[in-house]
Amino acid sequence: MSAAITLTDVSFIYPGSDFSFSCSHLEFPQNEVTLITGHNGSGKTTLSKLMCGILKSVTGRVDIFNRDTKNLTLGEVGKCVGYLFQEPTQQLFTPIVWKEMTFVDEILGRTSNETERKALDLLEWFGLTGLKERSIYYLSRGEQQRLALCTLLMSGANFFILDEPTTGLDKNNRKRLYTLMDDLVARGKGFAVITHEGELIDKYAYSQVRLEKGKVIA
């Protein structure tokens, strides 16, 4: 199975900090859900930020679909890899659901019938069609999360990094999230999921990266 993201001989250290991260080789395959687990402070967030180009490694290289992140802008990375924050409202920028779906295309001056069709199709798929004109502040957490995922798909991302995605979700919304993830994998997308959630770990136990003190231990 081809790798969406590959880390090779990577090291990173925060200026003025004793914490360091290192990894000799690690691959995150496409068409699969890979969990990133470990205690607080083990390096999960550092790894995820290296994977999406927010942080640049001191040594080694991080490849996204065979392109070194050091040669890519964050905008270029965002067209390939979408990052879903633990708090979805951190990445929702407009007050209305529909505006959020077309926000980036409008800024770039490329709004078209195709853009609108894509946005409508995604809203229907994610169960948000009836909320098209609703304020994002009146959405439930699960609805905000699904909307944030929709916007990442609008950008063209094929791989997604989710940071503790089950936080604050009830059982029904967790099941809906798992279904969407499985559907996206079936359509050729890939995931790396930071989690402490036992239910999520049990579901995707077949593929897991465990960190401890900035190192991959399993």
# chains A, B, ... in the order shown; residues from 1 in each chain; ligands from 1
>>> residues_around(residues="Thr37 of chain A", least_positions_apart="3", cutoff="9 Å", atoms="only C-alpha atoms", output="list in words")
Ser42, Lys44, Val193, Ile194, Thr195, His196, Ile201, Gln208, Val209, Arg210, Leu211 and Glu212 of chain A
>>> residues_around(residues="Arg176 of chain A", least_positions_apart="6", cutoff="12 Å", atoms="only C-alpha atoms", output="list in words")
Trp125, Phe126, Gly127, Gly142, Glu143, Gln145, Arg146, Pro165, Thr166, Leu169, Asp170, Asp182 and Asp183 of chain A
>>> write_last_selection(atoms="all heavy atoms", output="mmCIF file, in the first residue's frame")
data_model
loop_
_atom_site.group_PDB
_atom_site.id
_atom_site.type_symbol
_atom_site.label_atom_id
_atom_site.label_comp_id
_atom_site.auth_asym_id
_atom_site.auth_seq_id
_atom_site.Cartn_x
_atom_site.Cartn_y
_atom_site.Cartn_z
ATOM 1 N N TRP A 125 -23.906 14.429 1.756
ATOM 2 C CA TRP A 125 -23.206 13.237 2.209
ATOM 3 C C TRP A 125 -22.978 13.271 3.726
ATOM 4 O O TRP A 125 -23.104 12.261 4.418
ATOM 5 C CB TRP A 125 -21.872 13.124 1.466
ATOM 6 C CG TRP A 125 -21.043 11.930 1.811
ATOM 7 C CD1 TRP A 125 -21.453 10.774 2.418
ATOM 8 C CD2 TRP A 125 -19.645 11.770 1.575
ATOM 9 N NE1 TRP A 125 -20.383 9.908 2.567
ATOM 10 C CE2 TRP A 125 -19.265 10.495 2.060
ATOM 11 C CE3 TRP A 125 -18.669 12.584 0.982
ATOM 12 C CZ2 TRP A 125 -17.965 10.029 1.987
ATOM 13 C CZ3 TRP A 125 -17.370 12.108 0.896
ATOM 14 C CH2 TRP A 125 -17.026 10.837 1.395
ATOM 15 N N PHE A 126 -22.666 14.461 4.262
ATOM 16 C CA PHE A 126 -22.348 14.596 5.681
ATOM 17 C C PHE A 126 -23.578 14.924 6.529
ATOM 18 O O PHE A 126 -23.445 15.237 7.711
ATOM 19 C CB PHE A 126 -21.279 15.683 5.866
ATOM 20 C CG PHE A 126 -19.883 15.212 5.585
ATOM 21 C CD1 PHE A 126 -19.521 14.717 4.342
ATOM 22 C CD2 PHE A 126 -18.906 15.258 6.570
ATOM 23 C CE1 PHE A 126 -18.228 14.288 4.086
ATOM 24 C CE2 PHE A 126 -17.611 14.824 6.328
ATOM 25 C CZ PHE A 126 -17.267 14.334 5.080
ATOM 26 N N GLY A 127 -24.756 14.869 5.917
ATOM 27 C CA GLY A 127 -25.981 15.085 6.664
ATOM 28 C C GLY A 127 -26.184 16.513 7.129
ATOM 29 O O GLY A 127 -26.780 16.757 8.193
ATOM 30 N N GLY A 142 -20.779 17.916 16.985
ATOM 31 C CA GLY A 142 -20.664 16.938 15.907
ATOM 32 C C GLY A 142 -20.901 17.561 14.551
ATOM 33 O O GLY A 142 -20.213 17.241 13.574
ATOM 34 N N GLU A 143 -21.878 18.473 14.462
ATOM 35 C CA GLU A 143 -22.164 19.161 13.200
ATOM 36 C C GLU A 143 -21.012 20.078 12.813
ATOM 37 O O GLU A 143 -20.631 20.151 11.628
ATOM 38 C CB GLU A 143 -23.462 19.954 13.330
ATOM 39 C CG GLU A 143 -24.699 19.065 13.399
ATOM 40 C CD GLU A 143 -25.927 19.787 13.907
ATOM 41 O OE1 GLU A 143 -25.799 20.921 14.437
ATOM 42 O OE2 GLU A 143 -27.029 19.229 13.789
ATOM 43 N N GLN A 145 -17.919 19.645 13.587
ATOM 44 C CA GLN A 145 -16.827 18.769 13.175
ATOM 45 C C GLN A 145 -17.029 18.269 11.742
ATOM 46 O O GLN A 145 -16.093 18.284 10.931
ATOM 47 C CB GLN A 145 -16.728 17.592 14.141
ATOM 48 C CG GLN A 145 -15.500 16.719 13.949
ATOM 49 C CD GLN A 145 -15.511 15.573 14.938
ATOM 50 O OE1 GLN A 145 -16.370 14.703 14.857
ATOM 51 N NE2 GLN A 145 -14.580 15.579 15.876
ATOM 52 N N ARG A 146 -18.248 17.866 11.425
ATOM 53 C CA ARG A 146 -18.527 17.392 10.073
ATOM 54 C C ARG A 146 -18.361 18.525 9.057
ATOM 55 O O ARG A 146 -17.854 18.310 7.951
ATOM 56 C CB ARG A 146 -19.927 16.776 9.984
ATOM 57 C CG ARG A 146 -20.103 15.548 10.849
ATOM 58 C CD ARG A 146 -21.236 14.654 10.395
ATOM 59 N NE ARG A 146 -22.525 15.290 10.343
ATOM 60 C CZ ARG A 146 -23.328 15.442 11.393
ATOM 61 N NH1 ARG A 146 -22.942 15.053 12.593
ATOM 62 N NH2 ARG A 146 -24.523 15.996 11.244
ATOM 63 N N PRO A 165 -10.554 13.454 17.820
ATOM 64 C CA PRO A 165 -11.823 13.805 17.179
ATOM 65 C C PRO A 165 -13.071 13.394 17.953
ATOM 66 O O PRO A 165 -14.164 13.886 17.662
ATOM 67 C CB PRO A 165 -11.758 13.065 15.843
ATOM 68 C CG PRO A 165 -10.882 11.888 16.113
ATOM 69 C CD PRO A 165 -9.842 12.394 17.079
ATOM 70 N N THR A 166 -12.951 12.481 18.929
ATOM 71 C CA THR A 166 -14.145 12.036 19.655
ATOM 72 C C THR A 166 -14.416 12.865 20.908
ATOM 73 O O THR A 166 -15.434 12.652 21.574
ATOM 74 C CB THR A 166 -14.011 10.557 20.058
ATOM 75 O OG1 THR A 166 -12.808 10.389 20.826
ATOM 76 C CG2 THR A 166 -13.960 9.666 18.833
ATOM 77 N N LEU A 169 -18.054 14.281 21.911
ATOM 78 C CA LEU A 169 -19.099 13.695 21.068
ATOM 79 C C LEU A 169 -19.854 12.608 21.834
ATOM 80 O O LEU A 169 -19.235 11.789 22.519
ATOM 81 C CB LEU A 169 -18.500 13.075 19.803
ATOM 82 C CG LEU A 169 -17.789 14.011 18.817
ATOM 83 C CD1 LEU A 169 -17.364 13.217 17.587
ATOM 84 C CD2 LEU A 169 -18.669 15.183 18.424
ATOM 85 N N ASP A 170 -21.185 12.598 21.689
ATOM 86 C CA ASP A 170 -21.955 11.524 22.295
ATOM 87 C C ASP A 170 -21.844 10.264 21.436
ATOM 88 O O ASP A 170 -21.211 10.261 20.371
ATOM 89 C CB ASP A 170 -23.414 11.934 22.498
ATOM 90 C CG ASP A 170 -24.137 12.282 21.198
ATOM 91 O OD1 ASP A 170 -23.692 11.840 20.114
ATOM 92 O OD2 ASP A 170 -25.145 13.007 21.255
ATOM 93 N N ASP A 182 -14.801 5.607 7.638
ATOM 94 C CA ASP A 182 -14.770 4.369 6.855
ATOM 95 C C ASP A 182 -15.183 4.625 5.406
ATOM 96 O O ASP A 182 -14.603 4.057 4.468
ATOM 97 C CB ASP A 182 -15.687 3.321 7.481
ATOM 98 C CG ASP A 182 -15.166 2.802 8.818
ATOM 99 O OD1 ASP A 182 -13.963 2.953 9.076
ATOM 100 O OD2 ASP A 182 -15.974 2.252 9.593
ATOM 101 N N ASP A 183 -16.188 5.483 5.220
ATOM 102 C CA ASP A 183 -16.627 5.822 3.858
ATOM 103 C C ASP A 183 -15.509 6.529 3.092
ATOM 104 O O ASP A 183 -15.286 6.254 1.903
ATOM 105 C CB ASP A 183 -17.865 6.723 3.903
ATOM 106 C CG ASP A 183 -19.126 5.975 4.301
ATOM 107 O OD1 ASP A 183 -19.087 4.730 4.333
ATOM 108 O OD2 ASP A 183 -20.145 6.638 4.573
#
>>> select_by_dssp(residues="segment 27-179 of chain A", states="strand (DSSP E or B)", output="PDB file with C-alpha atoms, in the first residue's frame")
ATOM      1  CA  GLU A  27       5.017   5.628   6.988  1.00  0.00           C
ATOM      2  CA  PHE A  28       1.356   6.578   7.046  1.00  0.00           C
ATOM      3  CA  PRO A  29      -0.424   4.645   4.298  1.00  0.00           C
ATOM      4  CA  VAL A  33      -6.740   4.739   9.415  1.00  0.00           C
ATOM      5  CA  THR A  34      -3.548   4.943  11.496  1.00  0.00           C
ATOM      6  CA  LEU A  35      -3.805   5.871  15.170  1.00  0.00           C
ATOM      7  CA  ILE A  36      -1.203   7.997  16.963  1.00  0.00           C
ATOM      8  CA  THR A  37      -1.227   7.172  20.679  1.00  0.00           C
ATOM      9  CA  THR A  59      17.290  16.893  10.145  1.00  0.00           C
ATOM     10  CA  GLY A  60      15.846  14.332   7.751  1.00  0.00           C
ATOM     11  CA  ARG A  61      12.782  14.802   5.605  1.00  0.00           C
ATOM     12  CA  VAL A  62       9.027  14.523   5.675  1.00  0.00           C
ATOM     13  CA  ASP A  63       7.448  13.591   2.352  1.00  0.00           C
ATOM     14  CA  ILE A  64       3.794  14.216   1.521  1.00  0.00           C
ATOM     15  CA  ARG A  67       7.204  15.765  -2.030  1.00  0.00           C
ATOM     16  CA  ASP A  68       9.492  17.132   0.706  1.00  0.00           C
ATOM     17  CA  VAL A  81      -3.368  17.072   3.813  1.00  0.00           C
ATOM     18  CA  GLY A  82      -6.201  18.406   5.973  1.00  0.00           C
ATOM     19  CA  TYR A  83      -5.757  18.981   9.719  1.00  0.00           C
ATOM     20  CA  LEU A  84      -8.866  18.785  11.904  1.00  0.00           C
ATOM     21  CA  ILE A  96     -23.010  30.675   7.937  1.00  0.00           C
ATOM     22  CA  SER A 135     -25.078  29.978  11.830  1.00  0.00           C
ATOM     23  CA  PHE A 159      -5.213  12.614   3.751  1.00  0.00           C
ATOM     24  CA  PHE A 160      -6.529  13.843   7.086  1.00  0.00           C
ATOM     25  CA  ILE A 161      -4.961  14.326  10.499  1.00  0.00           C
ATOM     26  CA  LEU A 162      -7.574  14.355  13.277  1.00  0.00           C
ATOM     27  CA  ASP A 163      -6.670  15.612  16.752  1.00  0.00           C
TER      28      ASP A 163
END
>>> atom_distance(atom1="atom CA of Leu7 of chain A", atom2="atom CA of Thr179 of chain A")
28.6 Å
>>> atom_distance(atom1="atom CA of Thr129 of chain A", atom2="atom CA of Thr151 of chain A")
14.0 Å
>>> residues_around(residues="Thr167 of chain A", least_positions_apart="4", cutoff="9 Å", atoms="only C-alpha atoms", output="short mmCIF file (atom, residue, chain, number, x, y, z; two decimals) with N, CA, C and O atoms, in the first residue's frame")
data_model
loop_
_atom_site.label_atom_id
_atom_site.label_comp_id
_atom_site.auth_asym_id
_atom_site.auth_seq_id
_atom_site.Cartn_x
_atom_site.Cartn_y
_atom_site.Cartn_z
N GLN A 86 -8.77 19.73 17.44
CA GLN A 86 -9.62 19.15 18.49
C GLN A 86 -10.86 20.00 18.69
O GLN A 86 -11.94 19.47 18.94
N GLU A 87 -10.72 21.32 18.57
CA GLU A 87 -11.86 22.23 18.67
C GLU A 87 -12.19 22.73 17.27
O GLU A 87 -11.48 23.59 16.74
N GLU A 197 -8.80 7.70 23.18
CA GLU A 197 -10.11 7.06 23.32
C GLU A 197 -10.04 5.55 23.10
O GLU A 197 -9.68 5.08 22.02
#
>>> residues_around(residues="Thr102 of chain A", least_positions_apart="3", cutoff="8 Å", atoms="only C-alpha atoms", output="number ranges by chain")
A: 98-99, 105-106, 111, 115-116, 119
>>> write_last_selection(atoms="N, CA and C atoms", output="compact mmCIF listing (two decimals), in the first residue's frame")
# COMPACT_ATOMS: atom_id res chain seq x y z
N TRP A 98 -23.16 27.63 4.61
CA TRP A 98 -22.92 27.68 3.17
C TRP A 98 -21.71 28.56 2.83
N LYS A 99 -21.59 29.70 3.51
CA LYS A 99 -20.45 30.58 3.28
C LYS A 99 -19.13 29.89 3.63
N ASP A 105 -12.92 29.29 -2.09
CA ASP A 105 -13.08 29.50 -3.53
C ASP A 105 -13.47 30.95 -3.83
N GLU A 106 -14.27 31.55 -2.97
CA GLU A 106 -14.65 32.95 -3.18
C GLU A 106 -13.44 33.87 -3.05
N THR A 111 -15.26 30.80 -7.66
CA THR A 111 -16.61 30.28 -7.43
C THR A 111 -17.27 29.97 -8.76
N THR A 115 -18.22 24.43 -8.16
CA THR A 115 -17.96 24.62 -6.73
C THR A 115 -19.24 24.41 -5.93
N GLU A 116 -20.32 25.00 -6.39
CA GLU A 116 -21.59 24.89 -5.69
C GLU A 116 -22.11 23.45 -5.68
N ALA A 119 -20.04 21.52 -3.15
CA ALA A 119 -20.43 21.88 -1.79
C ALA A 119 -21.76 21.24 -1.40
>>> decode(residues="segment 43-93 of chain A", atoms="N, CA and C atoms", output="mmCIF file, in the first residue's frame")
data_model
loop_
_atom_site.group_PDB
_atom_site.id
_atom_site.type_symbol
_atom_site.label_atom_id
_atom_site.label_comp_id
_atom_site.auth_asym_id
_atom_site.auth_seq_id
_atom_site.Cartn_x
_atom_site.Cartn_y
_atom_site.Cartn_z
ATOM 1 N N GLY A 43 4.749 13.464 22.332
ATOM 2 C CA GLY A 43 5.168 13.915 21.005
ATOM 3 C C GLY A 43 4.122 13.778 19.927
ATOM 4 N N LYS A 44 2.889 13.453 20.306
ATOM 5 C CA LYS A 44 1.839 13.231 19.309
ATOM 6 C C LYS A 44 1.570 14.486 18.481
ATOM 7 N N THR A 45 1.416 15.620 19.157
ATOM 8 C CA THR A 45 1.134 16.866 18.441
ATOM 9 C C THR A 45 2.323 17.293 17.603
ATOM 10 N N THR A 46 3.530 17.118 18.128
ATOM 11 C CA THR A 46 4.739 17.453 17.357
ATOM 12 C C THR A 46 4.791 16.632 16.078
ATOM 13 N N LEU A 47 4.552 15.339 16.193
ATOM 14 C CA LEU A 47 4.541 14.474 15.012
ATOM 15 C C LEU A 47 3.504 14.947 14.008
ATOM 16 N N SER A 48 2.304 15.240 14.478
ATOM 17 C CA SER A 48 1.239 15.638 13.544
ATOM 18 C C SER A 48 1.575 16.950 12.850
ATOM 19 N N LYS A 49 2.201 17.876 13.562
ATOM 20 C CA LYS A 49 2.559 19.162 12.950
ATOM 21 C C LYS A 49 3.713 19.016 11.967
ATOM 22 N N LEU A 50 4.605 18.074 12.213
ATOM 23 C CA LEU A 50 5.649 17.766 11.235
ATOM 24 C C LEU A 50 5.027 17.158 9.983
ATOM 25 N N MET A 51 3.998 16.334 10.177
ATOM 26 C CA MET A 51 3.362 15.650 9.056
ATOM 27 C C MET A 51 2.634 16.597 8.115
ATOM 28 N N CYS A 52 2.158 17.725 8.655
ATOM 29 C CA CYS A 52 1.406 18.645 7.794
ATOM 30 C C CYS A 52 2.155 19.944 7.523
ATOM 31 N N GLY A 53 3.460 19.961 7.803
ATOM 32 C CA GLY A 53 4.279 21.093 7.402
ATOM 33 C C GLY A 53 4.225 22.307 8.303
ATOM 34 N N ILE A 54 3.460 22.246 9.411
ATOM 35 C CA ILE A 54 3.429 23.378 10.341
ATOM 36 C C ILE A 54 4.795 23.529 11.004
ATOM 37 N N LEU A 55 5.413 22.396 11.346
ATOM 38 C CA LEU A 55 6.793 22.383 11.845
ATOM 39 C C LEU A 55 7.694 21.781 10.773
ATOM 40 N N LYS A 56 8.922 22.266 10.704
ATOM 41 C CA LYS A 56 9.911 21.737 9.769
ATOM 42 C C LYS A 56 10.990 21.008 10.560
ATOM 43 N N SER A 57 11.348 19.827 10.117
ATOM 44 C CA SER A 57 12.344 19.027 10.831
ATOM 45 C C SER A 57 13.720 19.683 10.786
ATOM 46 N N VAL A 58 14.503 19.448 11.839
ATOM 47 C CA VAL A 58 15.883 19.949 11.879
ATOM 48 C C VAL A 58 16.756 19.105 10.968
ATOM 49 N N THR A 59 16.576 17.802 11.041
ATOM 50 C CA THR A 59 17.290 16.893 10.145
ATOM 51 C C THR A 59 16.284 15.944 9.497
ATOM 52 N N GLY A 60 16.710 15.278 8.440
ATOM 53 C CA GLY A 60 15.846 14.332 7.751
ATOM 54 C C GLY A 60 14.810 15.017 6.888
ATOM 55 N N ARG A 61 13.814 14.239 6.473
ATOM 56 C CA ARG A 61 12.782 14.802 5.605
ATOM 57 C C ARG A 61 11.428 14.176 5.863
ATOM 58 N N VAL A 62 10.413 14.972 5.600
ATOM 59 C CA VAL A 62 9.027 14.523 5.675
ATOM 60 C C VAL A 62 8.442 14.672 4.283
ATOM 61 N N ASP A 63 8.015 13.571 3.703
ATOM 62 C CA ASP A 63 7.448 13.591 2.352
ATOM 63 C C ASP A 63 5.940 13.433 2.408
ATOM 64 N N ILE A 64 5.238 14.313 1.698
ATOM 65 C CA ILE A 64 3.794 14.216 1.521
ATOM 66 C C ILE A 64 3.539 13.869 0.060
ATOM 67 N N PHE A 65 3.036 12.688 -0.174
ATOM 68 C CA PHE A 65 2.828 12.201 -1.537
ATOM 69 C C PHE A 65 4.094 12.433 -2.377
ATOM 70 N N ASN A 66 5.233 11.996 -1.785
ATOM 71 C CA ASN A 66 6.554 12.011 -2.439
ATOM 72 C C ASN A 66 7.126 13.403 -2.670
ATOM 73 N N ARG A 67 6.645 14.409 -1.933
ATOM 74 C CA ARG A 67 7.204 15.765 -2.030
ATOM 75 C C ARG A 67 7.663 16.210 -0.644
ATOM 76 N N ASP A 68 8.912 16.695 -0.555
ATOM 77 C CA ASP A 68 9.492 17.132 0.706
ATOM 78 C C ASP A 68 8.760 18.376 1.209
ATOM 79 N N THR A 69 8.276 18.341 2.465
ATOM 80 C CA THR A 69 7.522 19.477 3.004
ATOM 81 C C THR A 69 8.358 20.750 3.085
ATOM 82 N N LYS A 70 9.682 20.607 3.123
ATOM 83 C CA LYS A 70 10.531 21.804 3.176
ATOM 84 C C LYS A 70 10.448 22.607 1.884
ATOM 85 N N ASN A 71 9.972 21.970 0.830
ATOM 86 C CA ASN A 71 9.835 22.661 -0.456
ATOM 87 C C ASN A 71 8.391 23.058 -0.751
ATOM 88 N N LEU A 72 7.515 22.896 0.246
ATOM 89 C CA LEU A 72 6.102 23.185 0.042
ATOM 90 C C LEU A 72 5.641 24.306 0.972
ATOM 91 N N THR A 73 4.772 25.173 0.475
ATOM 92 C CA THR A 73 4.125 26.154 1.337
ATOM 93 C C THR A 73 2.993 25.470 2.101
ATOM 94 N N LEU A 74 2.507 26.131 3.154
ATOM 95 C CA LEU A 74 1.380 25.565 3.890
ATOM 96 C C LEU A 74 0.149 25.449 3.000
ATOM 97 N N GLY A 75 -0.003 26.384 2.074
ATOM 98 C CA GLY A 75 -1.117 26.320 1.138
ATOM 99 C C GLY A 75 -1.043 25.101 0.245
ATOM 100 N N GLU A 76 0.170 24.773 -0.205
ATOM 101 C CA GLU A 76 0.354 23.589 -1.052
ATOM 102 C C GLU A 76 0.118 22.311 -0.258
ATOM 103 N N VAL A 77 0.577 22.308 1.005
ATOM 104 C CA VAL A 77 0.331 21.143 1.860
ATOM 105 C C VAL A 77 -1.165 20.961 2.089
ATOM 106 N N GLY A 78 -1.882 22.092 2.302
ATOM 107 C CA GLY A 78 -3.303 22.036 2.590
ATOM 108 C C GLY A 78 -4.136 21.457 1.466
ATOM 109 N N LYS A 79 -3.615 21.478 0.251
ATOM 110 C CA LYS A 79 -4.332 20.872 -0.865
ATOM 111 C C LYS A 79 -4.216 19.348 -0.846
ATOM 112 N N CYS A 80 -3.289 18.835 -0.050
ATOM 113 C CA CYS A 80 -3.072 17.386 0.030
ATOM 114 C C CYS A 80 -3.479 16.813 1.381
ATOM 115 N N VAL A 81 -3.159 17.562 2.448
ATOM 116 C CA VAL A 81 -3.368 17.072 3.813
ATOM 117 C C VAL A 81 -4.230 18.073 4.579
ATOM 118 N N GLY A 82 -5.325 17.573 5.157
ATOM 119 C CA GLY A 82 -6.201 18.406 5.973
ATOM 120 C C GLY A 82 -6.017 18.102 7.438
ATOM 121 N N TYR A 83 -5.952 19.147 8.273
ATOM 122 C CA TYR A 83 -5.757 18.981 9.719
ATOM 123 C C TYR A 83 -7.037 19.398 10.424
ATOM 124 N N LEU A 84 -7.657 18.480 11.148
ATOM 125 C CA LEU A 84 -8.866 18.785 11.904
ATOM 126 C C LEU A 84 -8.490 18.975 13.370
ATOM 127 N N PHE A 85 -8.630 20.216 13.845
ATOM 128 C CA PHE A 85 -8.265 20.531 15.223
ATOM 129 C C PHE A 85 -9.240 19.876 16.205
ATOM 130 N N GLN A 86 -8.770 19.729 17.444
ATOM 131 C CA GLN A 86 -9.616 19.151 18.488
ATOM 132 C C GLN A 86 -10.864 20.003 18.691
ATOM 133 N N GLU A 87 -10.721 21.317 18.572
ATOM 134 C CA GLU A 87 -11.860 22.226 18.673
ATOM 135 C C GLU A 87 -12.193 22.733 17.267
ATOM 136 N N PRO A 88 -13.233 22.208 16.608
ATOM 137 C CA PRO A 88 -13.486 22.523 15.195
ATOM 138 C C PRO A 88 -13.745 24.001 14.916
ATOM 139 N N THR A 89 -14.245 24.748 15.900
ATOM 140 C CA THR A 89 -14.524 26.167 15.640
ATOM 141 C C THR A 89 -13.250 26.959 15.375
ATOM 142 N N GLN A 90 -12.089 26.397 15.733
ATOM 143 C CA GLN A 90 -10.821 27.080 15.457
ATOM 144 C C GLN A 90 -10.551 27.211 13.966
ATOM 145 N N GLN A 91 -11.221 26.404 13.145
ATOM 146 C CA GLN A 91 -10.964 26.463 11.712
ATOM 147 C C GLN A 91 -12.209 26.779 10.901
ATOM 148 N N LEU A 92 -13.224 27.311 11.570
ATOM 149 C CA LEU A 92 -14.409 27.801 10.875
ATOM 150 C C LEU A 92 -14.378 29.327 10.918
ATOM 151 N N PHE A 93 -14.439 29.975 9.747
ATOM 152 C CA PHE A 93 -14.125 31.392 9.673
ATOM 153 C C PHE A 93 -15.313 32.290 9.322
#
